[in-house]
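See below for work37.cif, which holds mmCIF, C-alpha atoms.
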```cif
data_final
loop_
_atom_site.label_atom_id
_atom_site.label_comp_id
_atom_site.auth_asym_id
_atom_site.auth_seq_id
_atom_site.Cartn_x
_atom_site.Cartn_y
_atom_site.Cartn_z
CA MET A 1317 -50.67 163.49 -75.25
CA LYS A 1318 -47.02 162.90 -75.87
CA ARG A 1319 -46.02 159.27 -75.50
CA LYS A 1320 -43.47 158.61 -72.77
CA THR A 1321 -40.38 156.60 -73.42
CA ILE A 1322 -38.44 154.46 -71.02
CA GLU A 1323 -35.72 157.13 -70.80
CA SER A 1324 -38.21 159.55 -69.17
CA PHE A 1325 -38.35 157.35 -66.05
CA PHE A 1326 -34.63 157.61 -65.36
CA ASN A 1327 -32.11 160.37 -64.79
CA LYS A 1328 -29.61 160.26 -67.61
CA ALA A 1329 -26.23 159.46 -66.17
CA ASP A 1330 -23.40 161.84 -67.00
CA GLN A 1331 -21.38 160.43 -69.82
CA HIS A 1332 -19.14 161.66 -72.59
CA PRO A 1333 -19.91 159.68 -75.73
CA SER A 1334 -17.02 158.84 -77.98
CA SER A 1335 -16.47 160.75 -81.19
CA GLN A 1336 -17.56 157.64 -83.05
CA GLU A 1337 -20.97 157.74 -81.36
CA THR A 1338 -21.55 161.47 -81.88
CA SER A 1339 -19.89 162.16 -85.21
CA GLN A 1340 -22.23 163.07 -88.06
CA VAL A 1341 -21.28 162.36 -91.65
CA GLN A 1342 -22.15 165.40 -93.76
CA ASP A 1343 -20.90 164.04 -97.07
CA SER A 1344 -23.53 161.31 -97.28
CA PRO A 1345 -26.82 163.08 -98.13
CA GLU A 1346 -28.89 159.91 -98.02
CA GLN A 1347 -28.01 159.40 -94.37
CA ASN A 1348 -29.46 162.82 -93.56
CA GLU A 1349 -32.73 162.27 -95.42
CA MET A 1350 -34.31 160.51 -92.44
CA PRO A 1351 -34.65 162.33 -89.09
CA ALA A 1352 -33.59 160.71 -85.85
CA GLN A 1353 -36.30 158.43 -84.48
CA GLU A 1354 -37.13 156.58 -81.33
CA PRO A 1355 -35.89 152.94 -81.43
CA SER A 1356 -39.46 151.66 -81.61
CA GLN A 1357 -40.08 153.85 -84.65
CA GLN A 1358 -37.11 152.67 -86.70
CA PRO A 1359 -38.17 151.74 -90.25
CA LYS A 1360 -38.49 148.03 -90.79
CA ILE A 1361 -36.42 146.34 -93.46
CA GLU A 1362 -38.62 144.78 -96.09
CA SER A 1363 -38.03 141.12 -96.76
CA ILE A 1364 -36.85 141.45 -100.36
CA ALA A 1365 -34.65 138.82 -101.98
CA TYR A 1366 -31.48 140.85 -102.40
CA GLU A 1367 -28.41 139.15 -103.92
CA ARG A 1368 -25.69 138.82 -101.29
CA ASP A 1369 -22.89 137.41 -103.44
CA PRO A 1370 -20.67 140.48 -104.09
CA GLY A 1371 -19.78 139.16 -107.52
CA LYS A 1372 -23.43 139.09 -108.59
CA ARG A 1373 -25.20 141.85 -106.67
CA PRO A 1374 -25.91 145.22 -108.33
CA GLN A 1375 -24.10 148.31 -107.08
CA ILE A 1376 -25.88 150.66 -104.70
CA ASP A 1377 -26.18 153.41 -107.30
CA GLU A 1378 -28.05 150.98 -109.58
CA HIS A 1379 -30.99 150.98 -107.13
CA PRO A 1380 -33.58 153.80 -107.24
CA PRO A 1381 -32.41 156.75 -105.10
CA ASN A 1382 -35.42 156.48 -102.76
CA ARG A 1383 -34.61 152.82 -101.99
CA ARG A 1384 -30.85 152.98 -101.45
CA ASP A 1385 -31.06 153.59 -97.72
CA GLN A 1386 -33.34 150.56 -97.36
CA VAL A 1387 -30.93 148.45 -99.41
CA ARG A 1388 -28.02 149.53 -97.20
CA ARG A 1389 -29.99 148.64 -94.07
CA PHE A 1390 -30.71 145.16 -95.41
CA TYR A 1391 -27.07 144.43 -96.17
CA ILE A 1392 -25.88 145.83 -92.83
CA SER A 1393 -28.38 143.62 -90.98
CA LYS A 1394 -26.84 140.58 -92.69
CA GLY A 1395 -23.20 141.59 -92.44
CA PRO A 1396 -20.33 140.96 -94.89
CA PHE A 1397 -20.64 137.94 -97.19
CA GLN A 1398 -17.90 135.62 -95.88
CA PRO A 1399 -18.50 132.05 -97.08
CA TYR A 1400 -16.39 129.21 -95.74
CA MET A 1401 -15.11 126.89 -98.47
CA ASP A 1402 -13.18 123.66 -98.22
CA GLU A 1403 -10.82 124.90 -100.94
CA TYR A 1404 -10.86 128.42 -102.30
CA PRO A 1405 -10.03 128.47 -106.02
CA TYR A 1406 -6.55 129.38 -107.24
CA ALA A 1407 -6.21 132.74 -108.97
CA ALA A 1408 -6.45 132.48 -112.72
CA ASN A 1409 -3.58 133.55 -114.99
CA ALA A 1410 -1.08 133.78 -112.14
CA ASN A 1411 2.53 132.69 -112.26
CA HIS A 1412 2.40 131.63 -108.62
CA ARG A 1413 -0.45 129.41 -107.42
CA ARG A 1414 -2.09 131.34 -104.59
CA ARG A 1415 -5.64 131.56 -103.33
CA PHE A 1416 -7.89 133.32 -100.83
CA GLN A 1417 -7.49 132.34 -97.15
CA TYR A 1418 -10.41 132.16 -94.73
CA HIS A 1419 -8.42 133.59 -91.81
CA TRP A 1420 -8.18 136.92 -93.67
CA PHE A 1421 -11.80 137.54 -92.64
CA LYS A 1422 -10.69 137.63 -89.00
CA LYS A 1423 -7.88 140.12 -89.67
CA PHE A 1424 -9.94 142.29 -92.02
CA PRO A 1425 -13.61 142.07 -90.88
CA TRP A 1426 -14.76 144.30 -93.75
CA LEU A 1427 -13.60 141.75 -96.34
CA GLU A 1428 -15.96 139.74 -98.55
CA PHE A 1429 -15.42 136.90 -101.03
CA SER A 1430 -17.48 135.90 -104.05
CA PRO A 1431 -17.51 132.21 -105.05
CA THR A 1432 -18.90 133.37 -108.40
CA SER A 1433 -16.17 135.81 -109.45
CA GLU A 1434 -13.55 134.24 -107.14
CA ARG A 1435 -12.53 137.72 -106.00
CA ALA A 1436 -12.46 139.78 -102.80
CA TYR A 1437 -14.48 142.94 -102.10
CA CYS A 1438 -14.87 145.64 -99.43
CA PHE A 1439 -18.27 145.63 -97.70
CA PRO A 1440 -18.37 149.26 -96.40
CA CYS A 1441 -17.03 150.62 -99.68
CA PHE A 1442 -19.73 148.73 -101.59
CA LEU A 1443 -22.35 150.38 -99.38
CA PHE A 1444 -21.04 153.93 -99.33
CA SER A 1445 -18.40 154.57 -101.97
CA THR A 1446 -19.08 157.08 -104.70
CA LYS A 1447 -19.02 156.13 -108.36
CA PRO A 1448 -15.58 155.07 -109.70
CA GLN A 1449 -13.41 158.16 -110.15
CA GLY A 1450 -11.76 156.98 -113.36
CA ARG A 1451 -8.33 156.46 -111.91
CA CYS A 1452 -6.75 153.01 -112.00
CA GLY A 1453 -7.86 150.73 -109.17
CA SER A 1454 -10.57 153.00 -107.74
CA ASP A 1455 -13.25 150.33 -108.26
CA THR A 1456 -11.15 147.23 -107.54
CA PHE A 1457 -12.78 146.42 -104.19
CA THR A 1458 -16.31 147.45 -105.16
CA VAL A 1459 -16.98 146.51 -108.80
CA LYS A 1460 -14.20 144.47 -110.37
CA GLY A 1461 -13.05 142.58 -107.29
CA PHE A 1462 -9.49 141.89 -106.09
CA GLN A 1463 -7.63 138.66 -106.94
CA ASN A 1464 -3.89 139.40 -106.76
CA TRP A 1465 -3.33 137.24 -103.66
CA LYS A 1466 0.45 137.60 -103.98
CA LYS A 1467 0.12 141.18 -102.75
CA VAL A 1468 -1.80 140.30 -99.57
CA ASN A 1469 1.01 139.00 -97.36
CA ASN A 1470 3.38 141.74 -98.40
CA GLY A 1471 4.16 143.55 -95.15
CA LYS A 1472 3.29 147.24 -95.10
CA ASP A 1473 2.59 147.01 -98.85
CA CYS A 1474 -0.24 144.52 -98.28
CA ALA A 1475 -3.00 145.26 -100.79
CA PHE A 1476 -5.69 145.20 -98.08
CA LEU A 1477 -3.78 147.73 -95.95
CA THR A 1478 -3.19 149.88 -99.02
CA HIS A 1479 -6.92 149.84 -99.74
CA MET A 1480 -7.69 150.94 -96.18
CA GLY A 1481 -5.19 153.81 -96.37
CA GLN A 1482 -3.35 155.40 -93.48
CA ALA A 1483 -5.17 158.74 -93.44
CA SER A 1484 -8.55 159.24 -91.80
CA THR A 1485 -9.64 160.98 -95.02
CA SER A 1486 -9.18 157.88 -97.20
CA ALA A 1487 -12.17 156.62 -99.17
CA HIS A 1488 -12.27 153.45 -97.07
CA SER A 1489 -12.20 155.41 -93.79
CA PHE A 1490 -15.07 157.58 -95.01
CA ALA A 1491 -17.07 154.48 -95.99
CA MET A 1492 -16.38 152.93 -92.56
CA LEU A 1493 -17.61 156.08 -90.82
CA CYS A 1494 -20.82 156.08 -92.85
CA TYR A 1495 -21.23 152.36 -92.18
CA ASP A 1496 -20.81 152.77 -88.40
CA ASN A 1497 -23.24 155.69 -88.27
CA LEU A 1498 -26.00 153.87 -90.13
CA LYS A 1499 -25.39 150.62 -88.27
CA ASN A 1500 -25.62 152.41 -84.91
CA SER A 1501 -28.92 154.02 -85.94
CA MET A 1502 -30.48 150.65 -86.78
CA GLY A 1503 -30.23 148.80 -83.50
CA HIS A 1504 -31.47 149.93 -80.10
CA PRO A 1505 -28.59 151.84 -78.44
CA LEU A 1506 -28.66 149.52 -75.44
CA GLN A 1507 -28.33 146.41 -77.60
CA LEU A 1508 -25.33 147.87 -79.39
CA ALA A 1509 -23.82 148.95 -76.08
CA LEU A 1510 -24.23 145.50 -74.51
CA ILE A 1511 -22.65 143.83 -77.54
CA ALA A 1512 -19.72 146.24 -77.41
CA ALA A 1513 -19.40 145.88 -73.63
CA SER A 1514 -19.33 142.09 -73.82
CA ARG A 1515 -16.23 142.37 -75.99
CA GLU A 1516 -14.37 144.84 -73.79
CA VAL A 1517 -12.97 141.88 -71.86
CA GLY A 1518 -10.18 140.50 -74.04
CA ASP A 1519 -10.88 136.83 -73.32
CA VAL A 1520 -14.58 137.29 -74.10
CA HIS A 1521 -13.78 139.12 -77.35
CA ASN A 1522 -11.56 136.22 -78.46
CA PHE A 1523 -14.31 133.78 -77.47
CA PHE A 1524 -16.85 135.47 -79.77
CA GLN A 1525 -14.41 135.41 -82.68
CA ASP A 1526 -13.65 131.72 -82.11
CA ALA A 1527 -17.36 130.86 -81.72
CA ILE A 1528 -18.29 132.58 -84.98
CA PHE A 1529 -15.39 130.86 -86.74
CA ILE A 1530 -16.53 127.44 -85.46
CA ILE A 1531 -20.18 128.06 -86.40
CA ASN A 1532 -19.18 129.17 -89.91
CA ILE A 1533 -17.06 126.06 -90.47
CA ILE A 1534 -19.74 123.64 -89.27
CA SER A 1535 -22.44 125.46 -91.25
CA GLY A 1536 -20.29 125.30 -94.37
CA TYR A 1537 -20.35 121.48 -94.49
CA THR A 1538 -24.02 120.66 -95.12
CA GLU A 1539 -23.16 117.03 -95.84
CA TYR A 1540 -22.40 116.57 -92.13
CA LYS A 1541 -25.76 117.93 -91.00
CA ASP A 1542 -27.17 114.42 -90.41
CA GLU A 1543 -24.25 113.52 -88.15
CA LEU A 1544 -24.72 116.74 -86.18
CA LEU A 1545 -28.45 116.22 -85.73
CA ALA A 1546 -28.03 112.53 -84.86
CA LYS A 1547 -25.55 113.42 -82.13
CA GLN A 1548 -27.88 116.09 -80.78
CA ALA A 1549 -30.83 113.67 -80.76
CA GLU A 1550 -28.67 111.16 -78.88
CA GLU A 1551 -27.80 113.75 -76.23
CA ILE A 1552 -31.42 114.84 -75.85
CA SER A 1553 -32.52 111.22 -75.41
CA ARG A 1554 -29.87 110.70 -72.73
CA GLU A 1555 -30.94 113.87 -70.87
CA VAL A 1556 -34.58 112.76 -70.94
CA ASP A 1557 -33.63 109.33 -69.54
CA LEU A 1558 -31.68 111.01 -66.73
CA GLY A 1559 -34.54 113.39 -66.00
CA GLU A 1560 -32.41 116.43 -66.95
CA LEU A 1561 -34.74 117.53 -69.77
CA ASP A 1562 -38.50 117.96 -69.89
CA THR A 1563 -40.04 115.50 -72.35
CA ARG A 1564 -42.04 118.39 -73.84
CA ARG A 1565 -38.73 119.83 -75.07
CA ALA A 1566 -37.35 116.52 -76.29
CA ASN A 1567 -38.27 117.26 -79.89
CA GLN A 1568 -36.43 120.59 -79.95
CA ILE A 1569 -33.61 119.62 -82.26
CA GLY A 1570 -32.29 122.87 -83.60
CA ALA A 1571 -29.68 124.31 -85.90
CA PHE A 1572 -26.85 126.79 -85.49
CA GLN A 1573 -27.86 130.42 -85.24
CA LYS A 1574 -25.40 132.85 -86.85
CA PRO A 1575 -25.11 136.13 -84.90
CA GLU A 1576 -25.97 139.45 -86.51
CA ASP A 1577 -23.86 142.45 -85.47
CA ILE A 1578 -26.75 144.66 -84.36
CA LYS A 1579 -28.95 142.10 -82.58
CA TRP A 1580 -28.16 141.01 -79.02
CA SER A 1581 -30.80 138.26 -79.26
CA SER A 1582 -29.01 136.68 -82.23
CA HIS A 1583 -25.80 136.50 -80.18
CA TYR A 1584 -27.72 134.81 -77.37
CA LYS A 1585 -29.24 132.28 -79.77
CA SER A 1586 -25.79 131.53 -81.20
CA ILE A 1587 -24.36 130.88 -77.74
CA HIS A 1588 -27.36 128.79 -76.72
CA SER A 1589 -27.29 126.68 -79.88
CA LEU A 1590 -23.54 126.10 -79.57
CA GLU A 1591 -23.97 124.87 -76.00
CA LYS A 1592 -26.85 122.55 -76.93
CA MET A 1593 -25.00 121.18 -79.97
CA PHE A 1594 -21.59 121.01 -78.31
CA GLY A 1595 -21.25 117.24 -78.51
CA GLY A 1596 -22.38 117.13 -82.13
CA THR A 1597 -19.99 119.96 -83.01
CA VAL A 1598 -17.07 118.08 -81.45
CA SER A 1599 -18.04 114.95 -83.39
CA VAL A 1600 -18.23 116.78 -86.75
CA LEU A 1601 -14.97 118.66 -86.20
CA ARG A 1602 -13.20 115.37 -85.41
CA THR A 1603 -14.59 113.89 -88.61
CA LEU A 1604 -13.45 116.89 -90.64
CA ALA A 1605 -9.99 116.90 -89.08
CA ARG A 1606 -9.52 113.25 -90.16
CA ASP A 1607 -11.14 113.50 -93.60
CA CYS A 1608 -8.36 112.76 -96.10
CA LEU A 1609 -10.51 114.06 -98.96
CA LEU A 1610 -10.33 117.58 -97.52
CA SER A 1611 -7.43 119.92 -98.13
CA TYR A 1612 -4.60 120.30 -95.64
CA HIS A 1613 -5.82 123.79 -94.71
CA SER A 1614 -9.42 122.65 -94.14
CA ARG A 1615 -8.31 119.80 -91.91
CA GLY A 1616 -6.07 122.23 -90.07
CA ASP A 1617 -8.95 124.68 -89.55
CA ALA A 1618 -11.15 121.89 -88.18
CA GLY A 1619 -8.36 120.66 -85.89
CA GLY A 1620 -7.70 124.19 -84.63
CA CYS A 1621 -11.39 124.76 -83.92
CA LEU A 1622 -11.62 121.43 -82.11
CA LYS A 1623 -8.70 122.39 -79.88
CA LYS A 1624 -10.31 125.72 -78.97
CA LEU A 1625 -13.75 124.17 -78.48
CA LEU A 1626 -12.38 121.58 -76.02
CA SER A 1627 -10.42 124.14 -73.99
CA PHE A 1628 -11.54 125.10 -70.50
CA ASP A 1629 -11.39 128.81 -71.40
CA PHE A 1630 -13.92 128.36 -74.20
CA VAL A 1631 -16.35 126.30 -72.10
CA PHE A 1632 -16.01 128.68 -69.15
CA ILE A 1633 -16.79 131.83 -71.16
CA LEU A 1634 -19.56 130.01 -73.06
CA HIS A 1635 -21.36 129.48 -69.75
CA ILE A 1636 -20.66 133.01 -68.48
CA MET A 1637 -22.13 134.62 -71.58
CA LYS A 1638 -25.11 132.26 -71.54
CA GLU A 1639 -25.93 133.37 -67.98
CA ILE A 1640 -25.47 137.07 -68.75
CA MET A 1641 -27.43 136.96 -72.00
CA MET A 1642 -30.24 134.97 -70.43
CA ILE A 1643 -30.74 137.87 -68.01
CA THR A 1644 -30.46 140.73 -70.51
CA ASP A 1645 -32.20 139.15 -73.52
CA LEU A 1646 -35.75 139.80 -72.27
CA LEU A 1647 -34.90 143.46 -71.66
CA CYS A 1648 -33.53 143.87 -75.18
CA HIS A 1649 -36.64 142.27 -76.68
CA THR A 1650 -38.93 144.52 -74.61
CA LEU A 1651 -37.13 147.70 -75.64
CA GLN A 1652 -37.73 146.86 -79.32
CA GLN A 1653 -41.49 146.50 -79.04
CA ASN A 1654 -43.53 149.05 -80.96
CA SER A 1655 -46.13 149.31 -78.18
CA LEU A 1656 -43.67 149.79 -75.36
CA ASP A 1657 -45.15 149.96 -71.87
CA ALA A 1658 -42.67 152.40 -70.35
CA LEU A 1659 -43.61 151.65 -66.73
CA ASN A 1660 -43.13 147.91 -67.15
CA ALA A 1661 -39.97 148.50 -69.16
CA ALA A 1662 -38.57 150.71 -66.40
CA HIS A 1663 -39.31 147.97 -63.89
CA LEU A 1664 -37.62 145.44 -66.18
CA VAL A 1665 -34.48 147.57 -66.36
CA SER A 1666 -34.28 147.68 -62.56
CA THR A 1667 -34.93 143.94 -62.32
CA THR A 1668 -32.24 143.23 -64.92
CA LYS A 1669 -29.68 145.25 -62.97
CA GLN A 1670 -30.64 143.43 -59.76
CA LEU A 1671 -30.28 140.01 -61.40
CA LEU A 1672 -26.88 140.94 -62.86
CA GLN A 1673 -25.74 142.15 -59.45
CA LYS A 1674 -26.99 138.91 -57.89
CA LEU A 1675 -25.08 136.94 -60.52
CA ARG A 1676 -21.94 138.93 -59.69
CA ASP A 1677 -22.29 138.48 -55.93
CA ASN A 1678 -23.60 134.91 -55.69
CA GLY A 1679 -23.21 133.33 -59.11
CA TRP A 1680 -19.60 132.14 -59.03
CA GLU A 1681 -20.08 128.81 -57.24
CA PRO A 1682 -23.22 127.74 -59.18
CA LEU A 1683 -21.46 128.71 -62.40
CA MET A 1684 -18.40 126.62 -61.55
CA GLU A 1685 -20.62 123.65 -60.73
CA GLN A 1686 -22.22 123.89 -64.18
CA VAL A 1687 -18.87 124.34 -65.92
CA THR A 1688 -17.27 121.44 -64.05
CA SER A 1689 -20.17 119.11 -64.85
CA PHE A 1690 -20.10 120.16 -68.51
CA CYS A 1691 -16.32 119.62 -68.75
CA LEU A 1692 -16.53 116.17 -67.22
CA GLU A 1693 -19.35 115.21 -69.59
CA HIS A 1694 -17.45 116.36 -72.69
CA GLU A 1695 -13.95 115.33 -71.57
CA VAL A 1696 -12.60 118.88 -71.27
CA GLU A 1697 -9.54 119.12 -69.03
CA LEU A 1698 -10.13 121.06 -65.81
CA PRO A 1699 -7.37 123.36 -64.52
CA ASN A 1700 -6.13 123.37 -60.94
CA MET A 1701 -7.75 126.51 -59.58
CA ASN A 1702 -5.22 126.74 -56.74
CA SER A 1703 -2.20 126.80 -59.04
CA MET A 1704 -0.53 130.04 -60.15
CA TYR A 1705 -1.79 131.81 -63.24
CA VAL A 1706 0.97 132.60 -65.73
CA ASP A 1707 0.32 135.64 -67.90
CA LEU A 1708 2.57 135.12 -70.91
CA THR A 1709 2.14 138.76 -71.96
CA LYS A 1710 4.11 139.85 -68.90
CA SER A 1711 7.81 139.34 -68.25
CA ARG A 1712 8.76 137.01 -65.43
CA ASP A 1713 9.73 139.83 -63.04
CA LYS A 1714 6.36 141.58 -63.49
CA ARG A 1715 4.14 138.58 -62.74
CA ASP A 1716 2.17 138.61 -59.50
CA ASN A 1717 0.74 135.90 -57.25
CA THR A 1718 -2.55 135.58 -59.12
CA THR A 1719 -4.07 132.11 -58.89
CA MET A 1720 -6.07 130.43 -61.62
CA GLU A 1721 -9.24 131.02 -59.60
CA ASP A 1722 -8.41 134.74 -59.28
CA HIS A 1723 -7.91 134.97 -63.02
CA TYR A 1724 -11.15 133.25 -64.01
CA ARG A 1725 -13.24 134.80 -61.23
CA VAL A 1726 -11.96 138.41 -61.27
CA ASP A 1727 -10.40 138.97 -64.69
CA ILE A 1728 -13.14 137.26 -66.68
CA PHE A 1729 -16.33 136.50 -64.72
CA THR A 1730 -16.56 139.68 -62.62
CA SER A 1731 -15.25 141.90 -65.42
CA ALA A 1732 -17.80 140.56 -67.91
CA VAL A 1733 -20.72 141.17 -65.54
CA ASP A 1734 -19.39 144.60 -64.54
CA GLN A 1735 -19.24 145.70 -68.17
CA GLN A 1736 -22.95 144.95 -68.58
CA LEU A 1737 -23.87 146.71 -65.34
CA GLU A 1738 -21.79 149.71 -66.33
CA GLN A 1739 -23.69 150.10 -69.59
CA LEU A 1740 -27.09 149.79 -67.89
CA ASN A 1741 -26.13 152.27 -65.16
CA ALA A 1742 -24.74 154.71 -67.72
CA ARG A 1743 -28.03 154.79 -69.60
CA TYR A 1744 -30.60 154.28 -66.86
CA SER A 1745 -29.74 155.60 -63.40
CA ASN A 1746 -32.33 155.42 -60.65
#
```

Translate this file's structure into structure tokens.
Amino acid sequence: MKRKTIESFFNKADQHPSSQETSQVQDSPEQNEMPAQEPSQQPKIESIAYERDPGKRPQIDEHPPNRRDQVRRFYISKGPFQPYMDEYPYAANANHRRRFQYHWFKKFPWLEFSPTSERAYCFPCFLFSTKPQGRCGSDTFTVKGFQNWKKVNNGKDCAFLTHMGQASTSAHSFAMLCYDNLKNSMGHPLQLALIAASREVGDVHNFFQDAIFIINIISGYTEYKDELLAKQAEEISREVDLGELDTRRANQIGAFQKPEDIKWSSHYKSIHSLEKMFGGTVSVLRTLARDCLLSYHSRGDAGGCLKKLLSFDFVFILHIMKEIMMITDLLCHTLQQNSLDALNAAHLVSTTKQLLQKLRDNGWEPLMEQVTSFCLEHEVELPNMNSMYVDLTKSRDKRDNTTMEDHYRVDIFTSAVDQQLEQLNARYSN
């Protein structure tokens, strides 16, 4: 008897997938070795101790041919190697003293840096490029590594832009296409869709980038771990005394969870840990911003993160995404189970859509109560919701009479929930 899947209990909604979702890469034979499978049948990645430092790891073609796809899946599950360092080393044998900058990761998400070789690399090209073609520079971002920092901030001649190429047929573009195809085959389609949908709202997309940046900075300073945990323990003790936290959870002192691109649950854990460790994060960032032993750039990064963290926009979206992810996380976990009970899963999909709709219709006031209380506790300035919202991207004559409440309620809160509902309705229509 053929096993039913959750999709069999719904009528597939009419949709026209993007070329990125449907395109098949014919030039990568290893991607075509494995037939399409149900999400619950996806091959598991073995827990092998692969080297992640791009300056030390072996090239893909150095692995046995029958293991290369598994190796690629491991690296994709972890994402590019982007360590945060207090001071990146200056380039050797250079007339001008320049060094790698952390903010380049945000502008070029495919970029990696090796503390060992002190050079930069391209993550997708490492995974999918062919062997060096013999011409000068063909293996710079995969084998040798790039270190000529003078050529980075060089306008249209920027070395990173040159590596990417302008044509869709460039080696980097081909590697990116292969990377996206394999990445999309690894996670459950709904998880990937929810992650993408959550970032369709511009303010939410910026929030995720800022949150990851903050988590990376805090995680990079292990010497401040005691201060972070002490602050968290202090907050937990205060919540227990006020009756706001169950004593059975009082010993749940955690650590930051870094999000993985293909796992919705990892994004939820990151948001949850950042909320629970908010006070400790503020304390550590203040310490870093005042630490005279750190470089000017490191203190500036910490100060910039502190400013974003203590902004109303950041706190507001933090609570929105926590509420949304708390609803959808159970569904995503259920859809990944090997022994999936399709009837219960179908019921869970319907329940998830109902809860999201309830959040949209009735969740604004409870959300604002939580946000207001959180802001007052952590000394975050609250905006006047009745004042006019000024969109600096619009000229003065094109601005409307939108209030601050309209902006936060309609442009961010409602839009973020609607994006999730849209993805669920597109895939599972009653």

Problem - Distance in Å - atom CA of A:Leu1626 versus atom CA of A:Val1696 - result: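 Spanning atom CA of A:Leu1626 to atom CA of A:Val1696 is a straight-line distance of 5.5 Å.
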
Exercise for the section: Name the residues captured by the PyMOL selection byres ((chain A and resi 1374) around 12) when it is applied to the shown file; answer as a list in words. Expected result: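 That selection, the PyMOL selection byres ((chain A and resi 1374) around 12), comes back as Tyr1366, Glu1367, Arg1368, Asp1369, Pro1370, Gly1371, Lys1372, Arg1373, Gln1375, Ile1376, Asp1377, Glu1378, His1379, Pro1380, Arg1384, Val1387, Phe1442, Leu1443, Thr1458, Val1459 and Lys1460 of chain A.
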
Problem - Output of the PyMOL selection byres ((chain A and resi 1478) around 12), listed as number ranges by chain - result: A: 1453-1454, 1456-1457, 1467-1477, 1479-1483, 1486-1489

Exercise for the section: Would you translate the PyMOL selection byres ((chain A and resi 1601-1607) around 9) into the concrete set of residues it matches in this file, as a list in words? Expected result: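 Selected by the PyMOL selection byres ((chain A and resi 1601-1607) around 9) in this file: Ile1530, Ile1533, Ile1534, Tyr1540, Gly1596, Thr1597, Val1598, Ser1599, Val1600, Cys1608, Leu1609, Leu1610, Ser1611, Ser1614, Arg1615, Gly1616, Asp1617, Ala1618, Gly1619, Gly1620, Cys1621 and Leu1622 of chain A.
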
Go ahead and save the picked residues with C-alpha atoms, as a PDB file, in the frame of the given file.
```
ATOM      1  CA  ILE A1530     -16.530 127.440 -85.460  1.00  0.00           C
ATOM      2  CA  ILE A1533     -17.060 126.060 -90.470  1.00  0.00           C
ATOM      3  CA  ILE A1534     -19.740 123.640 -89.270  1.00  0.00           C
ATOM      4  CA  TYR A1540     -22.400 116.570 -92.130  1.00  0.00           C
ATOM      5  CA  GLY A1596     -22.380 117.130 -82.130  1.00  0.00           C
ATOM      6  CA  THR A1597     -19.990 119.960 -83.010  1.00  0.00           C
ATOM      7  CA  VAL A1598     -17.070 118.080 -81.450  1.00  0.00           C
ATOM      8  CA  SER A1599     -18.040 114.950 -83.390  1.00  0.00           C
ATOM      9  CA  VAL A1600     -18.230 116.780 -86.750  1.00  0.00           C
ATOM     10  CA  CYS A1608      -8.360 112.760 -96.100  1.00  0.00           C
ATOM     11  CA  LEU A1609     -10.510 114.060 -98.960  1.00  0.00           C
ATOM     12  CA  LEU A1610     -10.330 117.580 -97.520  1.00  0.00           C
ATOM     13  CA  SER A1611      -7.430 119.920 -98.130  1.00  0.00           C
ATOM     14  CA  SER A1614      -9.420 122.650 -94.140  1.00  0.00           C
ATOM     15  CA  ARG A1615      -8.310 119.800 -91.910  1.00  0.00           C
ATOM     16  CA  GLY A1616      -6.070 122.230 -90.070  1.00  0.00           C
ATOM     17  CA  ASP A1617      -8.950 124.680 -89.550  1.00  0.00           C
ATOM     18  CA  ALA A1618     -11.150 121.890 -88.180  1.00  0.00           C
ATOM     19  CA  GLY A1619      -8.360 120.660 -85.890  1.00  0.00           C
ATOM     20  CA  GLY A1620      -7.700 124.190 -84.630  1.00  0.00           C
ATOM     21  CA  CYS A1621     -11.390 124.760 -83.920  1.00  0.00           C
ATOM     22  CA  LEU A1622     -11.620 121.430 -82.110  1.00  0.00           C
TER      23      LEU A1622
END
```

Exercise for the section: Work out how far apart atom CA of A:Trp1426 and atom CA of A:Asp1629 are and give it in Å to one decimal. Expected result: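 Result for atom CA of A:Trp1426 versus atom CA of A:Asp1629: 27.4 Å, one decimal.
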
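Atom to atom, atom CA of A:Tyr1705 and atom CA of A:Phe1630 stand 16.7 Å apart.
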
Practice task
Rank nothing, just name the residue among A:Tyr1391, A:Tyr1437, A:Trp1680, A:Tyr1584 nearest to A:Lys1638, using all atoms listed in the file.
Solution key: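 Selected residue with least distance to A:Lys1638: A:Tyr1584.
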
Exercise for the section: Tell me which protein, DNA and RNA residues are within 12 Å of A:Thr1538, counting all atoms listed in the file, leaving out same-chain ones fewer than 5 positions away, and put them as a list in words. Expected result: Tyr1400, Met1401, Asp1402, Asn1532, Ile1533, Glu1543, Leu1544, Leu1545, Ala1571, Phe1572 and Val1600 of chain A

Handout entry: Pick from A:Lys1541, A:Lys1547, A:Arg1389, A:His1694, whichever lies nearest to A:Pro1440 using only C-alpha atoms
Key =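 Result for the nearest residue to A:Pro1440: A:Arg1389.
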
Handout entry: Surrounding residues of A:Arg1676 excluding itself and chain neighbours under 3 positions, 10 Å, all atoms listed in the file, as an MDAnalysis selection string
Key = chainID A and resid 1640 1670:1673 1679:1680 1725 1729:1734 1737

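Of the residues under consideration (A:Gln1735, A:Thr1644, A:Thr1667, A:Ser1627), A:Ser1627 shows the shortest atom-to-atom contact distance to A:Pro1699 when counting only C-alpha atoms.
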
Problem - Contacts of A:Tyr1495 within 9 Å, all atoms listed in the file, excl. fewer than 5 positions in-chain, as a VMD selection string - result: chain A and resid 1388 1392 1440 to 1441 1443 to 1444 1490 1500

Completion exercise
One residue among A:Val1706, A:Arg1383, A:Trp1465, A:Ser1445 is nearest to A:Arg1413 when using all atoms listed in the file, and that residue is A:Trp1465

Exercise for the section: Could you tell me which of A:Asn1382, A:Lys1423, A:Leu1675, A:Gln1463 comes closest to A:Ala1408 if we count only C-alpha atoms? Expected result: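 Closest residue, counting only C-alpha atoms: A:Gln1463.
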